[in-house]
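Shown here: coords.cif, mmCIF, C-alpha atoms.
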data_query
#
loop_
_atom_site.group_PDB
_atom_site.id
_atom_site.type_symbol
_atom_site.label_atom_id
_atom_site.label_comp_id
_atom_site.auth_asym_id
_atom_site.auth_seq_id
_atom_site.Cartn_x
_atom_site.Cartn_y
_atom_site.Cartn_z
ATOM 1 C CA MET A 1 78.122 132.445 16.459
ATOM 2 C CA LYS A 2 76.067 133.997 19.192
ATOM 3 C CA LYS A 3 74.094 137.213 19.201
ATOM 4 C CA ILE A 4 74.983 139.507 22.101
ATOM 5 C CA ASN A 5 72.793 142.330 23.371
ATOM 6 C CA LEU A 6 74.997 145.098 24.739
ATOM 7 C CA TYR A 7 72.325 146.515 27.040
ATOM 8 C CA LYS A 8 71.380 143.144 28.567
ATOM 9 C CA THR A 9 75.041 142.473 29.219
ATOM 10 C CA LEU A 10 75.421 145.897 30.831
ATOM 11 C CA ASP A 11 72.435 145.086 33.077
ATOM 12 C CA SER A 12 74.392 142.079 34.385
ATOM 13 C CA ILE A 13 77.336 144.222 35.553
ATOM 14 C CA ASP A 14 77.077 145.076 39.241
ATOM 15 C CA GLU A 15 80.480 146.696 39.840
ATOM 16 C CA TYR A 16 81.438 150.079 38.420
ATOM 17 C CA TRP A 17 84.509 150.200 36.195
ATOM 18 C CA SER A 18 84.604 146.444 35.792
ATOM 19 C CA GLN A 19 84.503 145.199 32.231
ATOM 20 C CA LYS A 20 82.636 142.282 30.720
ATOM 21 C CA VAL A 21 84.213 140.802 27.626
ATOM 22 C CA LEU A 22 81.806 140.271 24.736
ATOM 23 C CA GLY A 23 84.244 138.724 22.280
ATOM 24 C CA LYS A 24 87.274 139.198 20.069
ATOM 25 C CA ALA A 25 87.595 140.149 16.406
ATOM 26 C CA ASN A 26 90.611 141.026 14.265
ATOM 27 C CA GLY A 27 92.937 141.248 17.257
ATOM 28 C CA SER A 28 90.624 143.507 19.275
ATOM 29 C CA MET A 29 88.695 142.683 22.422
ATOM 30 C CA PHE A 30 85.182 144.150 22.743
ATOM 31 C CA LYS A 31 84.026 144.906 26.288
ATOM 32 C CA VAL A 32 81.189 146.738 28.007
ATOM 33 C CA ALA A 33 81.540 148.655 31.253
ATOM 34 C CA LYS A 34 79.574 150.891 33.585
ATOM 35 C CA GLY A 35 81.120 153.759 35.463
ATOM 36 C CA ILE A 36 80.577 156.605 37.866
ATOM 37 C CA GLY A 37 83.271 158.697 39.524
ATOM 38 C CA GLU A 38 86.787 158.532 38.158
ATOM 39 C CA ILE A 39 89.546 156.116 37.288
ATOM 40 C CA ASN A 40 93.087 156.804 38.465
ATOM 41 C CA TRP A 41 95.548 158.255 35.962
ATOM 42 C CA HIS A 42 97.021 155.505 33.804
ATOM 43 C CA LYS A 43 98.266 154.694 30.324
ATOM 44 C CA HIS A 44 98.505 151.644 28.119
ATOM 45 C CA GLU A 45 101.927 151.196 26.539
ATOM 46 C CA ASP A 46 100.779 148.265 24.414
ATOM 47 C CA GLN A 47 97.483 149.421 22.912
ATOM 48 C CA ASP A 48 95.164 152.176 21.842
ATOM 49 C CA GLU A 49 91.885 152.303 23.781
ATOM 50 C CA VAL A 50 88.559 153.072 22.127
ATOM 51 C CA PHE A 51 85.626 154.445 24.152
ATOM 52 C CA ILE A 52 82.102 154.425 22.678
ATOM 53 C CA VAL A 53 79.372 155.905 24.898
ATOM 54 C CA LEU A 54 76.104 153.960 24.880
ATOM 55 C CA LYS A 55 74.384 155.851 27.718
ATOM 56 C CA GLY A 56 75.248 158.941 29.743
ATOM 57 C CA ALA A 57 78.402 161.019 29.423
ATOM 58 C CA ILE A 58 82.071 160.753 30.370
ATOM 59 C CA THR A 59 85.020 163.115 30.273
ATOM 60 C CA ILE A 60 88.365 161.692 29.290
ATOM 61 C CA ARG A 61 91.047 163.824 30.969
ATOM 62 C CA PHE A 62 94.610 164.008 29.712
ATOM 63 C CA LYS A 63 97.713 165.033 31.658
ATOM 64 C CA GLU A 64 99.487 166.598 28.677
ATOM 65 C CA ASP A 65 99.372 167.199 24.922
ATOM 66 C CA TYR A 66 95.570 166.910 24.620
ATOM 67 C CA ASP A 67 92.522 168.841 25.795
ATOM 68 C CA ASP A 68 89.977 166.976 27.933
ATOM 69 C CA VAL A 69 87.187 165.449 25.830
ATOM 70 C CA LEU A 70 83.514 165.188 26.828
ATOM 71 C CA LEU A 71 81.860 162.147 25.276
ATOM 72 C CA GLU A 72 78.087 161.796 25.201
ATOM 73 C CA LYS A 73 75.762 159.044 23.946
ATOM 74 C CA GLY A 74 76.822 158.061 20.449
ATOM 75 C CA ASP A 75 80.310 159.605 20.717
ATOM 76 C CA MET A 76 83.578 157.708 20.246
ATOM 77 C CA LEU A 77 87.174 158.522 21.136
ATOM 78 C CA VAL A 78 90.443 156.720 20.449
ATOM 79 C CA VAL A 79 93.069 157.253 23.164
ATOM 80 C CA PRO A 80 96.470 156.501 21.587
ATOM 81 C CA LYS A 81 98.779 154.033 23.323
ATOM 82 C CA GLY A 82 101.117 155.638 25.823
ATOM 83 C CA VAL A 83 98.842 158.629 26.510
ATOM 84 C CA GLU A 84 98.109 159.135 30.215
ATOM 85 C CA HIS A 85 94.382 159.569 30.820
ATOM 86 C CA SER A 86 91.677 159.436 33.470
ATOM 87 C CA PRO A 87 88.002 158.826 32.597
ATOM 88 C CA VAL A 88 85.508 160.706 34.813
ATOM 89 C CA ALA A 89 81.729 160.254 34.911
ATOM 90 C CA ASP A 90 79.574 162.526 37.091
ATOM 91 C CA GLN A 91 76.593 160.198 36.601
ATOM 92 C CA ASP A 92 76.147 156.610 35.409
ATOM 93 C CA VAL A 93 77.787 155.976 32.054
ATOM 94 C CA GLU A 94 77.653 152.823 29.937
ATOM 95 C CA LEU A 95 80.453 152.149 27.483
ATOM 96 C CA LEU A 96 81.664 149.858 24.762
ATOM 97 C CA VAL A 97 85.457 149.671 25.127
ATOM 98 C CA VAL A 98 87.697 148.224 22.431
ATOM 99 C CA GLY A 99 91.365 147.314 22.802
ATOM 100 C CA LYS A 100 93.820 144.433 22.441
ATOM 101 C CA ASN A 101 93.183 143.174 25.961
ATOM 102 C CA ILE A 102 91.567 144.139 29.255
ATOM 103 C CA THR A 103 92.230 147.766 30.043
ATOM 104 C CA SER A 104 91.549 149.545 33.301
ATOM 105 C CA ASN A 105 89.319 149.520 36.329
ATOM 106 C CA LYS A 106 88.965 152.168 39.050
ATOM 107 C CA GLN A 107 92.455 151.431 40.360
ATOM 108 C CA GLY A 108 94.003 151.597 36.883
ATOM 109 C CA GLY A 109 94.707 147.856 36.962
ATOM 110 C CA LYS A 110 93.195 144.935 35.144
ATOM 111 C CA PRO A 111 89.942 143.431 36.493
ATOM 112 C CA ASP A 112 89.007 139.777 36.528
ATOM 113 C CA TRP A 113 87.119 138.903 33.372
ATOM 114 C CA SER A 114 85.512 136.062 31.502
ATOM 115 C CA TYR A 115 83.862 135.586 28.178
ATOM 116 C CA GLN A 116 80.118 135.776 28.236
#
If you convert what's in this file into structure tokens, what do you get?
Amino acid sequence: MKKINLYKTLDSIDEYWSQKVLGKANGSMFKVAKGIGEINWHKHEDQDEVFIVLKGAITIRFKEDYDDVLLEKGDMLVVPKGVEHSPVADQDVELLVVGKNITSNKQGGKPDWSYQ
């Protein structure tokens, strides 16, 4: 067992929209990420995606069926699997992201990752 400080880990991230894996528990992967700007529209057919804002604010946009959601520090949102979305941050945002595996980067793909 190893204690992990979310904010120290976030300080070690130097690329926006890349994710750093903190660990796994009960089938979920816990990751931190920093962002500014927007991620391309994408969806995850195999998993829900949980966003928890640690610093700043982010808007999760949806193409259909849902209204856009503004998340601020302390807010959480679960994006159901298969729902097309695009996170947008006007200023720096720091997030805890939870899902079954690595989710998206700026291009909507999967970034390189490693356990801390």
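Between Ile36 (chain A) and the candidates A:Tyr66, A:Asp11, A:Lys20, A:Ala89, the tightest atom-to-atom separation, counting only C-alpha atoms, involves A:Ala89.
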Open item on the list: One decimal, in Å: what's the spacing between CA of Trp17 (chain A) and CA of Val88 (chain A)?
Closed with: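 One can read the CA of Trp17 (chain A) to CA of Val88 (chain A) distance as 10.6 Å.
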Using only C-alpha atoms, which protein or nucleic acid residues come within 8 Å of Gln47 (chain A)? Drop anything in the same chain fewer than 3 positions from it, and give the result as a short mmCIF file (atom, residue, chain, number, x, y, z; two decimals) with C-alpha atoms, in the frame of the given file.
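Result written to around-v4.cif:
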data_model
loop_
_atom_site.label_atom_id
_atom_site.label_comp_id
_atom_site.auth_asym_id
_atom_site.auth_seq_id
_atom_site.Cartn_x
_atom_site.Cartn_y
_atom_site.Cartn_z
CA HIS A 44 98.50 151.64 28.12
CA PRO A 80 96.47 156.50 21.59
CA LYS A 81 98.78 154.03 23.32
CA GLY A 82 101.12 155.64 25.82
CA GLY A 99 91.36 147.31 22.80
CA LYS A 100 93.82 144.43 22.44
#
Task: Contacts of Glu72 (chain A) at 7 Å (only C-alpha atoms; same-chain gap of 6+ positions) as a list in words - done: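 These residues fall inside the cut-off: Val53, Gly56, Ala57 and Ile58 of chain A.
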Task: Residues within 6 Å of (78.1, 157.5, 37.5), file coords, all atoms listed in the file, listed as a list of chain:residue names - done: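 With a cut-off of 6 Å, the residues come to A:Gly35, A:Ile36, A:Gly37, A:Ala89, A:Asp90, A:Gln91, A:Asp92, A:Val93.
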Open item on the list: What does the structure give for the distance between CA of Glu84 (chain A) and CA of Leu6 (chain A), in Å to one decimal?
Closed with: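 Between CA of Glu84 (chain A) and CA of Leu6 (chain A) the gap works out to 27.6 Å.
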